[in-house]
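input08.cif follows; it contains mmCIF, C-alpha atoms and all ligand atoms.
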data_input
loop_
_atom_site.label_atom_id
_atom_site.label_comp_id
_atom_site.auth_asym_id
_atom_site.auth_seq_id
_atom_site.Cartn_x
_atom_site.Cartn_y
_atom_site.Cartn_z
CA MET M 793 -2.46 -37.61 -1.67
CA ILE M 794 -1.61 -35.89 -4.94
CA ILE M 795 -3.77 -32.90 -5.86
CA PRO M 796 -5.73 -33.84 -9.00
CA GLU M 797 -4.88 -32.43 -12.36
CA PHE M 798 -7.34 -31.06 -14.84
CA PRO M 799 -7.05 -30.88 -18.62
CA ALA M 800 -5.78 -27.62 -20.03
CA ASP M 801 -9.26 -26.80 -21.36
CA ALA M 802 -10.98 -27.37 -17.98
CA PRO M 803 -12.82 -24.25 -16.77
CA PRO M 804 -10.89 -21.84 -14.53
CA SER M 805 -13.41 -22.46 -11.74
CA LEU M 806 -12.06 -26.03 -11.49
CA ARG M 807 -8.46 -25.88 -12.68
CA PRO M 808 -6.16 -23.69 -10.60
CA THR M 809 -3.75 -21.33 -12.31
CA ALA M 810 -3.08 -19.35 -9.14
CA GLY M 811 -1.15 -20.30 -6.02
CA TYR M 812 -1.23 -18.85 -2.51
CA VAL M 813 1.41 -19.60 0.11
CA HIS M 814 1.04 -18.39 3.69
CA VAL M 815 3.94 -17.31 5.88
CA PRO M 816 2.63 -16.65 9.39
CA PHE M 817 5.63 -15.05 11.11
CA CYS M 818 5.35 -11.46 12.30
CA ALA M 819 7.56 -9.21 14.40
CA HIS M 820 4.61 -8.14 16.52
CA HIS M 821 0.93 -9.03 16.81
CA CYS M 822 -1.00 -5.93 15.77
CA GLY M 823 -3.97 -5.38 18.05
CA TYR M 824 -6.62 -5.64 15.32
CA CYS M 825 -5.25 -8.67 13.50
CA ASP M 826 -7.14 -11.94 13.29
CA PHE M 827 -5.05 -13.66 10.62
CA ALA M 828 -3.11 -16.85 11.18
CA VAL M 829 0.05 -15.30 12.58
CA ALA M 830 2.98 -16.50 14.67
CA VAL M 831 4.71 -13.99 16.91
CA GLY M 832 7.74 -14.83 19.07
CA LYS M 833 8.05 -18.16 17.24
CA ASP M 834 10.85 -17.37 14.86
CA HIS M 835 12.69 -20.43 16.13
CA LEU M 836 10.07 -22.41 14.19
CA GLN M 837 10.84 -20.80 10.83
CA ASP M 838 12.98 -23.73 9.67
CA ALA M 839 10.46 -26.30 10.84
CA TYR M 840 7.73 -24.34 9.07
CA LEU M 841 9.64 -24.38 5.79
CA ASP M 842 10.20 -28.13 6.26
CA ALA M 843 6.45 -28.53 6.74
CA LEU M 844 5.65 -26.38 3.75
CA ALA M 845 8.01 -28.51 1.65
CA CYS M 846 6.09 -31.61 2.76
CA GLU M 847 2.71 -30.06 2.00
CA LEU M 848 3.88 -28.91 -1.42
CA ASN M 849 4.74 -32.53 -2.25
CA ALA M 850 1.01 -32.94 -2.80
CA LEU M 851 1.45 -31.14 -6.11
CA GLY M 852 3.31 -34.23 -7.38
CA HIS M 853 5.19 -32.22 -9.98
CA PRO M 854 5.64 -28.53 -10.78
CA ARG M 855 2.35 -26.90 -11.74
CA PRO M 856 1.97 -24.00 -14.16
CA VAL M 857 0.52 -20.85 -12.60
CA GLN M 858 -0.20 -17.40 -13.88
CA THR M 859 -0.13 -15.84 -10.44
CA LEU M 860 1.64 -16.64 -7.22
CA PHE M 861 0.98 -14.78 -3.99
CA VAL M 862 3.02 -15.11 -0.81
CA GLY M 863 0.99 -13.61 2.00
CA GLY M 864 0.93 -13.60 5.75
CA GLY M 865 1.74 -12.90 8.39
CA THR M 866 4.76 -11.03 7.16
CA PRO M 867 6.69 -13.02 4.56
CA SER M 868 9.42 -10.37 4.59
CA HIS M 869 9.97 -11.12 8.30
CA LEU M 870 11.70 -14.39 7.36
CA THR M 871 15.46 -14.10 7.69
CA THR M 872 17.27 -13.67 4.39
CA PRO M 873 18.51 -17.31 4.20
CA ARG M 874 15.02 -18.60 5.00
CA LEU M 875 13.46 -16.28 2.47
CA ARG M 876 15.94 -17.67 -0.07
CA ARG M 877 14.89 -21.18 0.88
CA LEU M 878 11.20 -20.35 0.52
CA LEU M 879 11.71 -18.79 -2.89
CA ALA M 880 13.71 -21.82 -4.06
CA LEU M 881 10.89 -24.08 -2.84
CA LEU M 882 8.34 -22.10 -4.79
CA GLN M 883 10.54 -22.13 -7.87
CA ALA M 884 10.74 -25.92 -7.60
CA TRP M 885 6.96 -26.42 -7.39
CA PHE M 886 5.47 -23.71 -9.55
CA ASN M 887 6.17 -22.94 -13.20
CA LEU M 888 5.47 -19.28 -13.64
CA LEU M 889 3.82 -18.84 -17.03
CA PRO M 890 4.91 -16.03 -19.37
CA GLY M 891 3.49 -12.70 -18.22
CA TYR M 892 3.10 -14.04 -14.67
CA GLU M 893 2.38 -12.01 -11.56
CA PHE M 894 4.37 -12.99 -8.45
CA SER M 895 3.37 -10.95 -5.39
CA LEU M 896 4.77 -10.90 -1.90
CA GLU M 897 3.45 -9.10 1.16
CA ALA M 898 5.95 -7.09 3.15
CA ASN M 899 6.06 -4.69 6.04
CA PRO M 900 8.23 -1.60 5.94
CA GLU M 901 10.32 -2.51 8.98
CA SER M 902 11.41 -5.87 7.59
CA LEU M 903 12.45 -5.21 4.02
CA GLY M 904 16.07 -4.18 3.49
CA ASN M 905 18.06 -4.02 0.28
CA ASP M 906 19.38 -7.57 0.67
CA LYS M 907 15.86 -9.00 0.76
CA LEU M 908 14.69 -6.76 -2.07
CA ASP M 909 17.56 -8.00 -4.25
CA LEU M 910 16.75 -11.58 -3.36
CA LEU M 911 13.07 -11.18 -4.20
CA ALA M 912 13.80 -9.51 -7.53
CA GLU M 913 16.34 -12.24 -8.41
CA HIS M 914 13.69 -14.91 -7.78
CA GLY M 915 11.08 -13.32 -9.99
CA VAL M 916 8.92 -11.48 -7.45
CA ASN M 917 7.48 -8.69 -9.58
CA ARG M 918 4.86 -7.18 -7.27
CA LEU M 919 5.11 -6.04 -3.66
CA SER M 920 2.18 -5.43 -1.36
CA LEU M 921 3.30 -3.15 1.44
CA GLY M 922 1.47 -2.91 4.76
CA VAL M 923 1.76 0.83 5.33
CA GLN M 924 -1.69 1.29 6.96
CA SER M 925 -1.17 4.92 8.02
CA PHE M 926 1.31 7.78 7.96
CA GLN M 927 0.04 9.19 11.27
CA PRO M 928 2.21 8.12 14.23
CA PRO M 929 -0.69 8.26 16.76
CA LEU M 930 -2.83 6.02 14.55
CA LEU M 931 0.05 3.61 13.97
CA ARG M 932 0.24 3.37 17.75
CA VAL M 933 -3.50 2.60 18.06
CA LEU M 934 -3.06 -0.10 15.42
CA GLU M 935 0.09 -1.29 17.23
CA ARG M 936 2.09 -1.20 14.04
CA PRO M 937 5.83 -1.43 14.71
CA HIS M 938 7.01 0.83 11.87
CA ARG M 939 7.29 4.61 11.47
CA PRO M 940 6.00 6.61 8.49
CA VAL M 941 9.59 7.28 7.46
CA ASP M 942 10.20 3.51 7.17
CA ALA M 943 7.42 3.20 4.60
CA VAL M 944 8.84 6.02 2.50
CA ALA M 945 12.34 4.53 2.67
CA VAL M 946 11.24 1.04 1.67
CA VAL M 947 9.19 2.27 -1.28
CA THR M 948 12.15 4.32 -2.49
CA ALA M 949 14.44 1.31 -2.18
CA ALA M 950 11.95 -1.10 -3.73
CA ARG M 951 11.07 1.03 -6.72
CA THR M 952 14.35 0.41 -8.56
CA ARG M 953 14.04 -3.38 -8.14
CA ILE M 954 10.30 -4.13 -8.10
CA PRO M 955 8.41 -1.13 -9.47
CA ASN M 956 4.96 -2.71 -9.24
CA LEU M 957 4.06 -1.60 -5.70
CA SER M 958 0.79 -1.81 -3.86
CA VAL M 959 0.19 0.12 -0.64
CA ASP M 960 -2.32 -1.04 1.99
CA LEU M 961 -4.04 1.62 4.09
CA ILE M 962 -6.57 1.33 6.92
CA PHE M 963 -9.37 3.76 7.69
CA GLY M 964 -11.87 3.89 10.53
CA VAL M 965 -9.18 3.85 13.22
CA PRO M 966 -10.36 5.13 16.62
CA GLY M 967 -9.56 8.83 16.86
CA GLN M 968 -8.99 9.20 13.11
CA THR M 969 -10.40 12.25 11.31
CA VAL M 970 -11.37 12.59 7.67
CA ALA M 971 -8.60 15.16 7.32
CA GLN M 972 -6.04 12.65 8.57
CA TRP M 973 -7.39 10.03 6.20
CA ARG M 974 -7.20 12.45 3.29
CA ASP M 975 -3.60 13.15 4.29
CA ASP M 976 -2.84 9.40 4.37
CA LEU M 977 -4.24 9.01 0.87
CA ARG M 978 -2.25 11.98 -0.39
CA ARG M 979 0.97 10.70 1.16
CA ALA M 980 0.37 7.27 -0.31
CA LEU M 981 -0.12 8.87 -3.74
CA ASP M 982 3.13 10.80 -3.25
CA LEU M 983 4.86 7.41 -3.21
CA ALA M 984 3.51 6.76 -6.75
CA PRO M 985 2.25 3.22 -6.16
CA THR M 986 0.58 1.25 -8.96
CA HIS M 987 -2.12 0.00 -6.62
CA VAL M 988 -3.76 1.04 -3.35
CA ALA M 989 -5.92 -1.14 -1.09
CA THR M 990 -8.01 0.62 1.56
CA TYR M 991 -9.54 -1.47 4.32
CA GLY M 992 -12.04 -0.35 6.91
CA LEU M 993 -10.88 -1.37 10.39
CA THR M 994 -12.92 -4.23 11.82
CA TYR M 995 -13.16 -5.39 15.43
CA GLU M 996 -12.62 -9.14 15.16
CA LYS M 997 -13.80 -11.03 18.20
CA GLY M 998 -10.97 -12.00 20.53
CA THR M 999 -8.42 -9.51 19.22
CA ARG M 1000 -6.84 -7.00 21.59
CA LEU M 1001 -8.62 -4.18 19.81
CA TRP M 1002 -11.96 -5.94 20.27
CA LYS M 1003 -11.23 -6.33 23.98
CA GLN M 1004 -10.28 -2.66 24.23
CA ARG M 1005 -13.60 -1.75 22.68
CA GLN M 1006 -15.44 -4.08 25.07
CA ARG M 1007 -13.78 -2.33 28.01
CA GLY M 1008 -14.52 1.11 26.56
CA ASP M 1009 -10.82 1.88 26.15
CA VAL M 1010 -11.32 2.70 22.48
CA VAL M 1011 -14.37 4.20 20.86
CA PRO M 1012 -15.19 3.09 17.31
CA LEU M 1013 -15.93 5.76 14.76
CA THR M 1014 -19.54 6.29 13.80
CA GLU M 1015 -20.80 4.53 10.69
CA ASP M 1016 -21.34 7.91 9.05
CA LEU M 1017 -17.72 8.86 9.60
CA GLU M 1018 -16.48 5.53 8.24
CA LEU M 1019 -18.70 5.96 5.23
CA ALA M 1020 -17.34 9.46 4.66
CA MET M 1021 -13.81 8.01 4.74
CA TYR M 1022 -14.68 5.27 2.28
CA GLU M 1023 -16.21 7.78 -0.10
CA THR M 1024 -13.21 10.07 0.35
CA ALA M 1025 -10.95 7.20 -0.73
CA ILE M 1026 -13.04 6.61 -3.85
CA ASP M 1027 -12.98 10.30 -4.77
CA VAL M 1028 -9.31 10.97 -4.05
CA LEU M 1029 -8.00 7.83 -5.73
CA THR M 1030 -10.20 7.95 -8.82
CA ASP M 1031 -9.41 11.67 -9.23
CA ALA M 1032 -5.75 10.66 -9.19
CA GLY M 1033 -6.33 8.28 -12.13
CA PHE M 1034 -6.82 5.02 -10.25
CA GLU M 1035 -9.51 2.57 -11.32
CA HIS M 1036 -11.78 1.52 -8.50
CA TYR M 1037 -12.12 -2.15 -9.45
CA GLU M 1038 -13.09 -3.92 -6.22
CA ILE M 1039 -14.80 -2.75 -3.04
CA SER M 1040 -11.48 -1.95 -1.35
CA ASN M 1041 -9.03 -1.94 -4.24
CA PHE M 1042 -7.80 0.70 -6.66
CA ALA M 1043 -5.25 0.36 -9.46
CA ARG M 1044 -3.52 2.37 -12.11
CA PRO M 1045 -4.72 1.13 -15.54
CA GLY M 1046 -3.08 -2.23 -16.23
CA PHE M 1047 -2.13 -2.86 -12.59
CA ARG M 1048 -5.16 -4.61 -11.08
CA CYS M 1049 -4.04 -7.47 -8.85
CA ARG M 1050 -4.47 -10.50 -11.09
CA HIS M 1051 -4.16 -12.93 -8.21
CA ASN M 1052 -6.92 -11.41 -6.13
CA GLN M 1053 -9.09 -11.25 -9.22
CA VAL M 1054 -8.98 -15.04 -9.27
CA TYR M 1055 -10.69 -15.03 -5.85
CA TRP M 1056 -13.21 -12.41 -6.94
CA ALA M 1057 -14.09 -14.42 -10.04
CA ASN M 1058 -14.47 -17.47 -7.78
CA TYR M 1059 -11.94 -19.37 -9.83
CA ALA M 1060 -9.83 -22.22 -8.52
CA TYR M 1061 -6.53 -21.72 -6.68
CA PHE M 1062 -3.95 -23.72 -4.77
CA GLY M 1063 -3.34 -22.78 -1.14
CA PHE M 1064 -0.50 -23.90 1.13
CA GLY M 1065 0.59 -23.11 4.63
CA VAL M 1066 -0.97 -22.67 8.04
CA GLY M 1067 -4.49 -21.24 7.85
CA ALA M 1068 -4.50 -21.30 4.04
CA ALA M 1069 -7.59 -22.06 1.99
CA SER M 1070 -7.56 -23.81 -1.36
CA TYR M 1071 -10.24 -24.29 -3.98
CA VAL M 1072 -9.50 -27.03 -6.47
CA GLY M 1073 -12.02 -28.92 -8.59
CA GLY M 1074 -14.92 -27.40 -6.67
CA GLU M 1075 -13.59 -28.56 -3.29
CA ARG M 1076 -12.86 -25.99 -0.60
CA ARG M 1077 -10.19 -26.93 1.94
CA LEU M 1078 -9.15 -25.03 5.01
CA ASN M 1079 -5.84 -25.69 6.68
CA VAL M 1080 -5.43 -25.74 10.45
CA ARG M 1081 -4.63 -22.36 11.97
CA ASP M 1082 -2.41 -23.57 14.79
CA LEU M 1083 1.24 -23.36 13.76
CA GLN M 1084 2.51 -26.34 15.74
CA ALA M 1085 -0.41 -28.50 14.67
CA TYR M 1086 0.23 -27.57 11.04
CA ILE M 1087 3.92 -28.44 11.34
CA ARG M 1088 3.18 -31.74 13.10
CA ARG M 1089 0.60 -32.78 10.55
CA ALA M 1090 2.65 -31.83 7.51
CA LEU M 1091 5.87 -33.43 8.76
CA SER M 1092 4.09 -36.68 9.60
CA GLY M 1093 2.38 -36.79 6.20
CA ARG M 1094 -1.11 -36.26 7.61
CA PRO M 1095 -3.59 -33.91 5.94
CA THR M 1096 -3.01 -30.31 6.91
CA HIS M 1097 -6.65 -29.31 6.42
CA PHE M 1098 -9.32 -29.58 9.09
CA GLN M 1099 -12.23 -28.98 6.78
CA ALA M 1100 -12.94 -30.07 3.21
CA GLU M 1101 -16.20 -29.53 1.47
CA VAL M 1102 -17.30 -30.23 -2.07
CA LEU M 1103 -19.68 -27.39 -2.67
CA THR M 1104 -23.07 -28.14 -4.17
CA PRO M 1105 -23.68 -26.47 -7.55
CA ARG M 1106 -26.13 -24.03 -5.95
CA ILE M 1107 -23.76 -23.06 -3.15
CA ARG M 1108 -20.97 -22.68 -5.68
CA ALA M 1109 -23.19 -20.39 -7.76
CA LEU M 1110 -24.11 -18.30 -4.72
CA GLU M 1111 -20.50 -18.11 -3.69
CA THR M 1112 -19.76 -16.84 -7.18
CA VAL M 1113 -22.42 -14.15 -6.72
CA GLY M 1114 -20.82 -13.09 -3.44
CA GLN M 1115 -17.33 -12.92 -4.88
CA GLN M 1116 -18.10 -11.40 -8.27
CA LEU M 1117 -20.26 -8.64 -6.79
CA ARG M 1118 -17.18 -7.41 -4.95
CA ARG M 1119 -15.87 -6.36 -8.36
CA VAL M 1120 -16.99 -2.94 -9.51
CA ASP M 1121 -17.59 -4.56 -12.92
CA GLY M 1122 -20.02 -6.92 -11.17
CA ILE M 1123 -21.50 -10.06 -12.72
CA GLU M 1124 -21.88 -10.65 -16.45
CA ARG M 1125 -25.03 -12.76 -16.88
CA LYS M 1126 -23.90 -15.00 -19.76
CA GLN M 1127 -20.48 -15.67 -18.29
CA PHE M 1128 -22.09 -16.41 -14.93
CA GLN M 1129 -24.38 -19.01 -16.48
CA VAL M 1130 -21.49 -20.66 -18.31
CA GLN M 1131 -19.41 -20.72 -15.09
CA THR M 1132 -22.09 -21.92 -12.70
CA GLY M 1133 -24.87 -23.50 -14.77
CA PHE M 1134 -27.41 -21.15 -13.14
CA ALA M 1135 -29.32 -18.29 -14.68
CA LEU M 1136 -28.63 -15.34 -12.39
CA ASP M 1137 -32.22 -14.07 -12.40
CA GLU M 1138 -33.67 -17.48 -11.54
CA LEU M 1139 -31.13 -17.98 -8.78
CA LEU M 1140 -31.71 -14.63 -7.08
CA GLY M 1141 -35.29 -13.88 -8.13
CA ALA M 1142 -37.02 -10.97 -6.43
CA ALA M 1143 -33.99 -10.11 -4.27
CA LEU M 1144 -32.09 -8.97 -7.34
CA VAL M 1145 -34.99 -6.79 -8.52
CA ARG M 1146 -35.44 -5.40 -5.00
CA ASN M 1147 -31.80 -4.34 -4.68
CA VAL M 1148 -31.93 -2.69 -8.10
CA GLU M 1149 -35.11 -0.83 -7.11
CA LEU M 1150 -33.42 0.27 -3.88
CA GLY M 1151 -30.63 1.81 -5.95
CA LEU M 1152 -28.05 -0.53 -4.45
CA MET M 1153 -27.45 -2.41 -7.69
CA ALA M 1154 -27.39 -1.38 -11.34
CA ASP M 1155 -28.64 -3.67 -14.10
CA ASP M 1156 -28.01 -2.87 -17.77
CA GLY M 1157 -29.46 -6.18 -18.95
CA ARG M 1158 -26.03 -7.67 -19.66
CA ARG M 1159 -24.47 -7.28 -16.23
CA VAL M 1160 -25.40 -6.37 -12.69
CA ALA M 1161 -23.14 -4.50 -10.32
CA LEU M 1162 -23.23 -2.64 -7.04
CA THR M 1163 -23.88 1.07 -7.38
CA ARG M 1164 -21.79 3.51 -5.37
CA ARG M 1165 -24.45 3.37 -2.66
CA GLY M 1166 -24.42 -0.42 -2.87
CA LEU M 1167 -20.63 -0.53 -2.53
CA CYS M 1168 -20.98 1.25 0.81
CA VAL M 1169 -23.23 -1.53 2.14
CA ALA M 1170 -21.86 -4.37 0.04
CA ASP M 1171 -21.87 -6.99 2.78
CA ALA M 1172 -25.55 -6.40 3.51
CA VAL M 1173 -26.52 -6.61 -0.17
CA ILE M 1174 -24.53 -9.79 -0.71
CA THR M 1175 -26.04 -11.41 2.38
CA ASP M 1176 -29.53 -10.43 1.22
CA LEU M 1177 -28.97 -12.02 -2.19
CA TRP M 1178 -27.56 -15.07 -0.48
CA ARG M 1179 -30.57 -15.54 1.71
CA ALA M 1180 -32.78 -15.38 -1.36
CA GLY M 1181 -30.79 -17.97 -3.26
CA THR M 1182 -29.83 -20.54 -0.68
CA ASP M 1183 -31.73 -23.71 -0.06
CA ARG M 1184 -29.74 -24.48 3.04
CA PRO M 1185 -31.53 -24.51 6.36
CA ASP M 1186 -31.21 -21.36 8.43
CA GLU M 1187 -28.74 -22.85 10.86
CA LEU M 1188 -26.25 -23.33 8.03
CA LEU M 1189 -26.83 -19.92 6.57
CA GLU M 1190 -24.38 -18.07 8.73
CA GLU M 1191 -21.69 -20.60 8.09
CA THR M 1192 -22.16 -20.53 4.36
CA ALA M 1193 -22.51 -16.76 4.30
CA GLN M 1194 -19.05 -16.65 5.81
CA ASP M 1195 -17.87 -19.00 3.10
CA ILE M 1196 -18.97 -16.72 0.31
CA GLY M 1197 -17.34 -13.67 1.66
CA GLY M 1198 -20.44 -11.92 2.93
CA ASP M 1199 -18.25 -10.75 5.73
CA ALA M 1200 -15.29 -12.15 4.39
CA ARG M 1201 -11.73 -11.64 4.20
CA TYR M 1202 -11.83 -15.39 3.91
CA ALA M 1203 -10.23 -16.47 0.69
CA VAL M 1204 -10.70 -13.00 -0.66
CA VAL M 1205 -7.77 -10.91 0.40
CA HIS M 1206 -5.19 -13.28 1.68
CA GLY M 1207 -6.44 -16.65 0.58
CA GLN M 1208 -6.72 -17.75 4.14
CA ALA M 1209 -9.46 -18.70 6.51
CA THR M 1210 -10.08 -16.13 9.20
CA TRP M 1211 -12.38 -18.04 11.48
CA PRO M 1212 -12.44 -20.84 13.94
CA ALA M 1213 -9.16 -22.37 14.88
CA ASN M 1214 -9.55 -26.09 15.04
S1 LIG P 1 -1.67 -7.03 10.69
FE1 LIG P 1 -0.07 -7.92 9.40
S2 LIG P 1 1.85 -7.46 10.49
FE2 LIG P 1 0.19 -7.16 11.97
S3 LIG P 1 0.04 -9.15 13.03
FE3 LIG P 1 -1.44 -9.18 11.34
S4 LIG P 1 -0.36 -10.13 9.64
FE4 LIG P 1 1.19 -9.50 11.16
#
As structure tokens, the full file:
Amino acid sequence: MIIPEFPADAPPSLRPTAGYVHVPFCAHHCGYCDFAVAVGKDHLQDAYLDALACELNALGHPRPVQTLFVGGGTPSHLTTPRLRRLLALLQAWFNLLPGYEFSLEANPESLGNDKLDLLAEHGVNRLSLGVQSFQPPLLRVLERPHRPVDAVAVVTAARTRIPNLSVDLIFGVPGQTVAQWRDDLRRALDLAPTHVATYGLTYEKGTRLWKQRQRGDVVPLTEDLELAMYETAIDVLTDAGFEHYEISNFARPGFRCRHNQVYWANYAYFGFGVGAASYVGGERRLNVRDLQAYIRRALSGRPTHFQAEVLTPRIRALETVGQQLRRVDGIERKQFQVQTGFALDELLGAALVRNVELGLMADDGRRVALTRRGLCVADAVITDLWRAGTDRPDELLEETAQDIGGDARYAVVHGQATWPAN
């Protein structure tokens, strides 16, 4: 079935101008990772690209997009000929509009000069590098396959071809100290990136790291220590001239990630590939997370999603609250009403006032946003507002809270679902 088209003047919450494509292959399954990844299945790379080509047929004809994001997994793990094939496929189905942003996620160990040249030739103009840490012992805890020196080498090589570079770092790693975290931030700044994303380590159920914690093999850091690390990141990066523009994201002026801002505005986007989410015309679709099932379905012309839901206007409005509050700029009342049809104060009622009184949110009459204290407990604030605004029965609350990103990497960072495999 062809994905519907919307007139050029349709609102951005219905008409996608952003595309996400998921590439699940990785060299190694990091112990903390709960994304849709495929390890030891490189023999399926060609079949996966065949399947992706079939799924992309649903576009019907090339669609104009302002941003394109190839995430994973590790897209740079594809062999050079397969990466070339993927890029050609994307060129065939997406018209990059003038001033576009085309991002690709890469890991330091899998990005040589040949791939960098190829990416630059095909219009990739932003790289998101999974550095995570510069401390060898912490890289071992995270089970990352690269060395600090690899990250430095790849940034040096990339800079001449694709100067818009984002570096991902992780804090809250078992055994990590604030001093080590400060050192990681400093070494990341030494690489002169345009953007830094800092994620607190989470223990996702079923991952190796989660099992290690269950057995007592690793001891999580205290909440106070994690909080100190988060605040250290804010201080160090803003002192270095970065804008703190989303809970976990910092950018040099002019270098905010435009693609991720589509998610945080709760605007529409296309999503393709195993485990990918899409949001078109107010309908949320989640693709299957099992690689072989995805390939089978796509190649046989069957739907690749296992869940599709047209969100009610209220749920859509609450989802917009959850996403837009992630932005340090928060929610602009008038724009929110135009986008959702709901007056923010009527939707959230006393919960909004309560969070302002608690000092977790700031309200200047025109917009509301999380305060610095609120940013530190953002998930709790968002869930509280959600509970106040939802008219869904309690048993659906958890499910929908996941949908809005209360806990949610879902459709926020990588445009992919992070929970139940079908
Ligand atoms: S953390 Fe990144 S590199 Fe590691 S398994 Fe997950 S997607 Fe792959």
### Query
Contacts of Leu879 (chain M) at 10 Å or less, counting only C-alpha atoms, minus same-chain residues fewer than 2 places along, as a list of chain:residue names?
M:Val862, M:Pro873, M:Arg874, M:Leu875, M:Arg876, M:Arg877, M:Leu881, M:Leu882, M:Gln883, M:Ala884, M:Leu910, M:Leu911, M:Glu913, M:His914, M:Gly915, M:Val916
Residues of chain M within 8 Å of ligand LIG 1 (chain P): nearest atom pair and distance (Å, one decimal) for each, counting only C-alpha atoms and all ligand atoms, sorted by chain and number, as a Markdown table?
| residue | atom | partner | partner_atom | distance |
| --- | --- | --- | --- | --- |
| M:Pro816 | CA | P:LIG1 | S4 | 7.2 |
| M:Phe817 | CA | P:LIG1 | FE4 | 7.1 |
| M:Cys818 | CA | P:LIG1 | FE4 | 4.7 |
| M:Ala819 | CA | P:LIG1 | S2 | 7.1 |
| M:His820 | CA | P:LIG1 | S3 | 5.8 |
| M:His821 | CA | P:LIG1 | S3 | 3.9 |
| M:Cys822 | CA | P:LIG1 | FE2 | 4.2 |
| M:Gly823 | CA | P:LIG1 | S3 | 7.4 |
| M:Tyr824 | CA | P:LIG1 | S1 | 6.9 |
| M:Cys825 | CA | P:LIG1 | FE3 | 4.4 |
| M:Asp826 | CA | P:LIG1 | FE3 | 6.6 |
| M:Phe827 | CA | P:LIG1 | FE3 | 5.8 |
| M:Ala828 | CA | P:LIG1 | S4 | 7.4 |
| M:Val829 | CA | P:LIG1 | S4 | 6.0 |
| M:Val831 | CA | P:LIG1 | S3 | 7.8 |
| M:Gly864 | CA | P:LIG1 | S4 | 5.4 |
| M:Gly865 | CA | P:LIG1 | S4 | 3.7 |
| M:Thr866 | CA | P:LIG1 | FE4 | 5.6 |
| M:Asn899 | CA | P:LIG1 | S2 | 6.7 |
| M:Gly922 | CA | P:LIG1 | FE1 | 7.0 |
| M:Glu935 | CA | P:LIG1 | FE2 | 7.9 |
| M:Arg936 | CA | P:LIG1 | FE2 | 6.6 |
### Task
For region 803-812 of chain M, please output as an NGL selection string all residues within 10 Å (counting all atoms listed in the file; exclusion window: fewer than 3 positions along the same chain).
:M and (796-800 or 815 or 855-863 or 882 or 886 or 888-889 or 892-896 or 1050-1052 or 1054-1055 or 1057-1065 or 1068-1075 or 1108 or 1112 or 1130-1132 or 1203 or 1206-1208)
Please provide the set of residues having any atom within 7 Å of Leu993 (chain M), restricted to all atoms listed in the file, with same-chain residues fewer than 5 positions apart removed, written as a PDB file with C-alpha atoms, keeping the file's coordinate frame.
ATOM      1  CA  ILE M 962      -6.570   1.330   6.920  1.00  0.00           C
ATOM      2  CA  PHE M 963      -9.370   3.760   7.690  1.00  0.00           C
ATOM      3  CA  GLY M 964     -11.870   3.890  10.530  1.00  0.00           C
ATOM      4  CA  VAL M 965      -9.180   3.850  13.220  1.00  0.00           C
TER       5      VAL M 965
END
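CA of Met1153 (chain M) is found 25.5 Å from CA of His987 (chain M).
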#### Entry: All residues 10 Å or closer to region 943-957 of chain M, only C-alpha atoms, same chain fewer than 4 positions away omitted, as a VMD selection string
chain M and resid 893 895 898 to 905 907 to 913 915 to 926 938 to 939 979 to 980 982 to 988 1047
### Message
Could you list, as a list in words, every residue within 9 Å of Gln1129 (chain M), counting all atoms listed in the file and ignoring same-chain residues fewer than 6 positions away?
### Response
Ala1109, Ala1135 and Leu1136 of chain M
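Interatomic distance, CA of Val1148 (chain M) to CA of Leu1013 (chain M): 29.2 Å.
Nearest to Trp1056 (chain M) of all the residues M:Pro1095, M:Gly1141, M:Pro929, M:Gly1114 is M:Gly1114, counting only C-alpha atoms.
Of the listed residues (M:Arg1007, M:Arg1044, M:His869, M:Arg1179), M:His869 comes nearest to Gln837 (chain M); the distances count all atoms listed in the file.
If you measure from each of M:Asp906, M:Asp975, M:Glu897, M:Glu1023 to Ser958 (chain M) using only C-alpha atoms, the closest one turns out to be M:Glu897.
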### Query
What is the distance, in Å and to one decimal place, between CA of Leu1152 (chain M) and CA of Arg1165 (chain M)?
5.6 Å
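Considering all atoms listed in the file, the residue among M:Glu847, M:Asp1156, M:Asp1027, M:Asp834 positioned nearest to Arg978 (chain M) is M:Asp1027.
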